[in-house]
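First up is the structure itself, then whatever we jot down about it.
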Amino acid sequence: MRATLALYLAHGATTWGVQRRYPVTMCIWVFGVALEPVIYLAVWRTAAGGHQVGGFTRDDFAAYYVLVMLVNHLSYTWFFMVMDRRTREGTFSALLLRPAHPIHGDVAENLTFKAITSVAVVPTAGLLWVSMGVRLQPAPLDLLLAVVGMLTGAVLRVCLEWTLALGALWTTRVESFGRVYAFVSHFLGGFVAPLAALPSALHALATWTPFPWMVAFPIEVAMGRHSVAEAIEGILVQGLWLLGSLGLLRAAWRRALRRHTAVGG
């Protein structure tokens with residue numbers, strides 16, 4: 001544990017040293033994180049008007065998409081892009097010489113970058129919350145279960161997307177697949193629309209994929225749209241998806257090591 005903690009602190013310090021030299025890049029990142037949910041929010045609030053869409057009022061859409069901004073910021077990864085570049089440039093080989101699994105360095109870098117950019121993302125979300133007049137007051141137990149769901153969903157997203165990014169070792173280029181993955185996950189994960197606003201068939205399909213359990217589910221719990229029993233059941237489903245993703249990660253990593261051939265570098 002001490003060695004792992006030291007590794008994370010070292011990667012965090014390195015990432016901080018790099019990112020502080022590129023403040024404009026971080027500003028662009030924050031702008032992108034905020035812009036997408038704001039666009040969806042504007043569309044759905046207009047569509048709702050004085051009525052409800054999928055049981056969501058205008059105020060519900062405001063609360064939902066502000067929470068989307070925060071939960072997505074917590075769980076978002078860029079592993080497809082990173083693994084794509086590593087494979088083409090040959091830098092993945094150097095990572096294999098280190099004593100620690102490469103995923104630890106990626107997670108440490110991811111967490112550090114999020115901690116830095118949270119200084120802007122959280123106040124932006126708070127400003128939207130106040131300006132939209134959101135009056136969401138979750139019960140303490142709902143909030144606790146939502147936090148557990150957010151953390152479980154974030155770990156699930158990290159494991160699944162890092163595993164899929166290993167496809168670069170078979171195809172050399174995996175960023176395009178990452179874009180297809182992002183498109184599908186946006187529709188089935190609750191980004192483009194809350195699941196309740198989707199057609200019933202698409203809603204049913206989404207619940208059989210891991211995507212809504214990463215983002216939409218904890219948000220719905222925080223908004224009180226699930227009973228305590230339903231929330232606990234959902235967290236158990238998240239746990240099953242997480243166990244499956246960890247097993248897939250382990251199997252894919254072993255095959256990837258046997259498959260790896262240095263390119264470039």
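Here's how to read the names in the structure tokens: chain A, B, ... by the order shown, residue numbers from 1 in each chain, ligand numbers from 1 in the order shown.
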
Within 8 Å of Val215 in chain A, counting only C-alpha atoms, which residues show up once you throw out same-chain ones fewer than 3 positions away? Write them as a VMD selection string, please. chain A and resid 68 71 to 72 150 153 189 to 190 211 to 212 218 to 219

Quick one: residues within 10 Å of His260 in chain A, only C-alpha atoms, excluding same-chain residues fewer than 4 positions away - as a list in words?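 Near His260 in chain A, the qualifying residues are Thr87, Phe92, Ser93, Leu166, Ala168, Leu169, Trp170, Thr172, Arg255 and Ala256 of chain A.
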
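Among A:Phe79, A:Trp208, A:Phe217, A:Trp241, the residue with the shortest atom-to-atom distance to Leu164 in chain A, counting only C-alpha atoms, is A:Phe79.
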
Using DSSP on the backbone coordinates, identify all residues within range 7-120 of chain A classified as helix (DSSP H, G or I); present the result as a PyMOL selection string. chain A and resi 7-19+23-48+58-75+79-89+92-96+102-120

Wanna dump the range 56-86 of chain A-range 20-34 of chain A contacts at 12 Å for me, each residue with its shortest atom pair and the distance in Å to one decimal, counting only C-alpha atoms, ordered by chain and number, as a tab-separated table?
residue	atom	partner	partner_atom	distance
A:Tyr65	CA	A:Ala34	CA	9.8
A:Val66	CA	A:Ala34	CA	8.8
A:Leu67	CA	A:Ala34	CA	10.9
A:Val68	CA	A:Ala34	CA	9.6
A:Met69	CA	A:Ala34	CA	6.3
A:Leu70	CA	A:Val33	CA	8.9
A:Val71	CA	A:Val33	CA	10.6
A:Asn72	CA	A:Val33	CA	8.1
A:His73	CA	A:Val33	CA	7.0
A:Leu74	CA	A:Val33	CA	10.8
A:Ser75	CA	A:Val33	CA	11.8
A:Tyr76	CA	A:Val33	CA	9.7
A:Trp78	CA	A:Trp29	CA	11.9

Restrict the selected residues to all heavy atoms and save them as an mmCIF file, in the first residue's frame.
data_model
loop_
_atom_site.group_PDB
_atom_site.id
_atom_site.type_symbol
_atom_site.label_atom_id
_atom_site.label_comp_id
_atom_site.auth_asym_id
_atom_site.auth_seq_id
_atom_site.Cartn_x
_atom_site.Cartn_y
_atom_site.Cartn_z
ATOM 1 N N TYR A 65 -28.868 18.016 -15.448
ATOM 2 C CA TYR A 65 -27.693 18.293 -16.272
ATOM 3 C C TYR A 65 -26.575 19.001 -15.515
ATOM 4 O O TYR A 65 -25.403 18.896 -15.899
ATOM 5 C CB TYR A 65 -28.095 19.059 -17.529
ATOM 6 C CG TYR A 65 -28.607 18.119 -18.598
ATOM 7 C CD1 TYR A 65 -29.956 18.054 -18.913
ATOM 8 C CD2 TYR A 65 -27.744 17.255 -19.244
ATOM 9 C CE1 TYR A 65 -30.420 17.159 -19.869
ATOM 10 C CE2 TYR A 65 -28.197 16.362 -20.201
ATOM 11 C CZ TYR A 65 -29.540 16.314 -20.502
ATOM 12 O OH TYR A 65 -29.990 15.410 -21.437
ATOM 13 N N VAL A 66 -26.896 19.688 -14.449
ATOM 14 C CA VAL A 66 -25.818 20.198 -13.602
ATOM 15 C C VAL A 66 -25.103 19.027 -12.931
ATOM 16 O O VAL A 66 -23.866 19.000 -12.834
ATOM 17 C CB VAL A 66 -26.363 21.187 -12.551
ATOM 18 C CG1 VAL A 66 -25.251 21.565 -11.561
ATOM 19 C CG2 VAL A 66 -26.885 22.451 -13.217
ATOM 20 N N LEU A 67 -25.875 18.036 -12.488
ATOM 21 C CA LEU A 67 -25.275 16.841 -11.900
ATOM 22 C C LEU A 67 -24.513 16.029 -12.947
ATOM 23 O O LEU A 67 -23.480 15.425 -12.629
ATOM 24 C CB LEU A 67 -26.353 15.979 -11.241
ATOM 25 C CG LEU A 67 -26.981 16.575 -9.973
ATOM 26 C CD1 LEU A 67 -28.140 15.712 -9.486
ATOM 27 C CD2 LEU A 67 -25.945 16.723 -8.877
ATOM 28 N N VAL A 68 -25.007 16.007 -14.184
ATOM 29 C CA VAL A 68 -24.269 15.339 -15.260
ATOM 30 C C VAL A 68 -22.877 15.955 -15.401
ATOM 31 O O VAL A 68 -21.879 15.245 -15.567
ATOM 32 C CB VAL A 68 -25.033 15.441 -16.600
ATOM 33 C CG1 VAL A 68 -24.115 15.096 -17.772
ATOM 34 C CG2 VAL A 68 -26.232 14.503 -16.608
ATOM 35 N N MET A 69 -22.816 17.274 -15.340
ATOM 36 C CA MET A 69 -21.533 17.956 -15.456
ATOM 37 C C MET A 69 -20.561 17.476 -14.379
ATOM 38 O O MET A 69 -19.387 17.165 -14.658
ATOM 39 C CB MET A 69 -21.734 19.471 -15.332
ATOM 40 C CG MET A 69 -20.468 20.281 -15.486
ATOM 41 S SD MET A 69 -20.734 22.045 -15.145
ATOM 42 C CE MET A 69 -22.045 22.418 -16.306
ATOM 43 N N LEU A 70 -21.041 17.362 -13.142
ATOM 44 C CA LEU A 70 -20.174 16.973 -12.033
ATOM 45 C C LEU A 70 -19.798 15.494 -12.093
ATOM 46 O O LEU A 70 -18.630 15.135 -11.922
ATOM 47 C CB LEU A 70 -20.873 17.277 -10.709
ATOM 48 C CG LEU A 70 -21.097 18.759 -10.403
ATOM 49 C CD1 LEU A 70 -21.951 18.920 -9.153
ATOM 50 C CD2 LEU A 70 -19.768 19.481 -10.229
ATOM 51 N N VAL A 71 -20.786 14.628 -12.352
ATOM 52 C CA VAL A 71 -20.519 13.184 -12.360
ATOM 53 C C VAL A 71 -19.642 12.803 -13.549
ATOM 54 O O VAL A 71 -18.739 11.965 -13.431
ATOM 55 C CB VAL A 71 -21.845 12.396 -12.370
ATOM 56 C CG1 VAL A 71 -21.581 10.899 -12.481
ATOM 57 C CG2 VAL A 71 -22.648 12.691 -11.116
ATOM 58 N N ASN A 72 -19.888 13.403 -14.696
ATOM 59 C CA ASN A 72 -19.056 13.122 -15.858
ATOM 60 C C ASN A 72 -17.617 13.589 -15.624
ATOM 61 O O ASN A 72 -16.661 12.921 -16.006
ATOM 62 C CB ASN A 72 -19.630 13.808 -17.094
ATOM 63 C CG ASN A 72 -18.870 13.453 -18.358
ATOM 64 O OD1 ASN A 72 -18.605 12.287 -18.623
ATOM 65 N ND2 ASN A 72 -18.498 14.456 -19.132
ATOM 66 N N HIS A 73 -17.470 14.738 -14.983
ATOM 67 C CA HIS A 73 -16.126 15.226 -14.657
ATOM 68 C C HIS A 73 -15.409 14.248 -13.732
ATOM 69 O O HIS A 73 -14.201 14.017 -13.875
ATOM 70 C CB HIS A 73 -16.227 16.600 -13.994
ATOM 71 C CG HIS A 73 -14.914 17.135 -13.511
ATOM 72 N ND1 HIS A 73 -13.887 17.467 -14.363
ATOM 73 C CD2 HIS A 73 -14.461 17.395 -12.264
ATOM 74 C CE1 HIS A 73 -12.851 17.909 -13.668
ATOM 75 N NE2 HIS A 73 -13.183 17.866 -12.386
ATOM 76 N N LEU A 74 -16.153 13.657 -12.800
ATOM 77 C CA LEU A 74 -15.564 12.702 -11.867
ATOM 78 C C LEU A 74 -15.096 11.436 -12.565
ATOM 79 O O LEU A 74 -14.060 10.868 -12.210
ATOM 80 C CB LEU A 74 -16.586 12.345 -10.777
ATOM 81 C CG LEU A 74 -16.203 11.229 -9.807
ATOM 82 C CD1 LEU A 74 -15.035 11.673 -8.926
ATOM 83 C CD2 LEU A 74 -17.395 10.836 -8.938
ATOM 84 N N SER A 75 -15.842 10.982 -13.577
ATOM 85 C CA SER A 75 -15.588 9.657 -14.154
ATOM 86 C C SER A 75 -14.947 9.666 -15.537
ATOM 87 O O SER A 75 -14.500 8.617 -16.013
ATOM 88 C CB SER A 75 -16.913 8.877 -14.237
ATOM 89 O OG SER A 75 -17.844 9.543 -15.085
ATOM 90 N N TYR A 76 -14.880 10.813 -16.197
ATOM 91 C CA TYR A 76 -14.405 10.857 -17.581
ATOM 92 C C TYR A 76 -12.951 10.396 -17.695
ATOM 93 O O TYR A 76 -12.115 10.675 -16.825
ATOM 94 C CB TYR A 76 -14.525 12.283 -18.126
ATOM 95 C CG TYR A 76 -14.105 12.420 -19.572
ATOM 96 C CD1 TYR A 76 -14.980 12.099 -20.597
ATOM 97 C CD2 TYR A 76 -12.824 12.845 -19.903
ATOM 98 C CE1 TYR A 76 -14.605 12.203 -21.924
ATOM 99 C CE2 TYR A 76 -12.430 12.959 -21.230
ATOM 100 C CZ TYR A 76 -13.329 12.637 -22.233
ATOM 101 O OH TYR A 76 -12.935 12.742 -23.547
ATOM 102 N N TRP A 78 -9.614 9.597 -20.761
ATOM 103 C CA TRP A 78 -9.128 9.823 -22.135
ATOM 104 C C TRP A 78 -8.188 8.687 -22.545
ATOM 105 O O TRP A 78 -7.240 8.878 -23.285
ATOM 106 C CB TRP A 78 -8.399 11.167 -22.220
ATOM 107 C CG TRP A 78 -7.427 11.408 -21.097
ATOM 108 C CD1 TRP A 78 -6.143 10.952 -21.003
ATOM 109 C CD2 TRP A 78 -7.667 12.146 -19.897
ATOM 110 N NE1 TRP A 78 -5.568 11.363 -19.826
ATOM 111 C CE2 TRP A 78 -6.483 12.102 -19.126
ATOM 112 C CE3 TRP A 78 -8.768 12.850 -19.401
ATOM 113 C CZ2 TRP A 78 -6.377 12.735 -17.879
ATOM 114 C CZ3 TRP A 78 -8.655 13.475 -18.158
ATOM 115 C CH2 TRP A 78 -7.473 13.412 -17.425
#
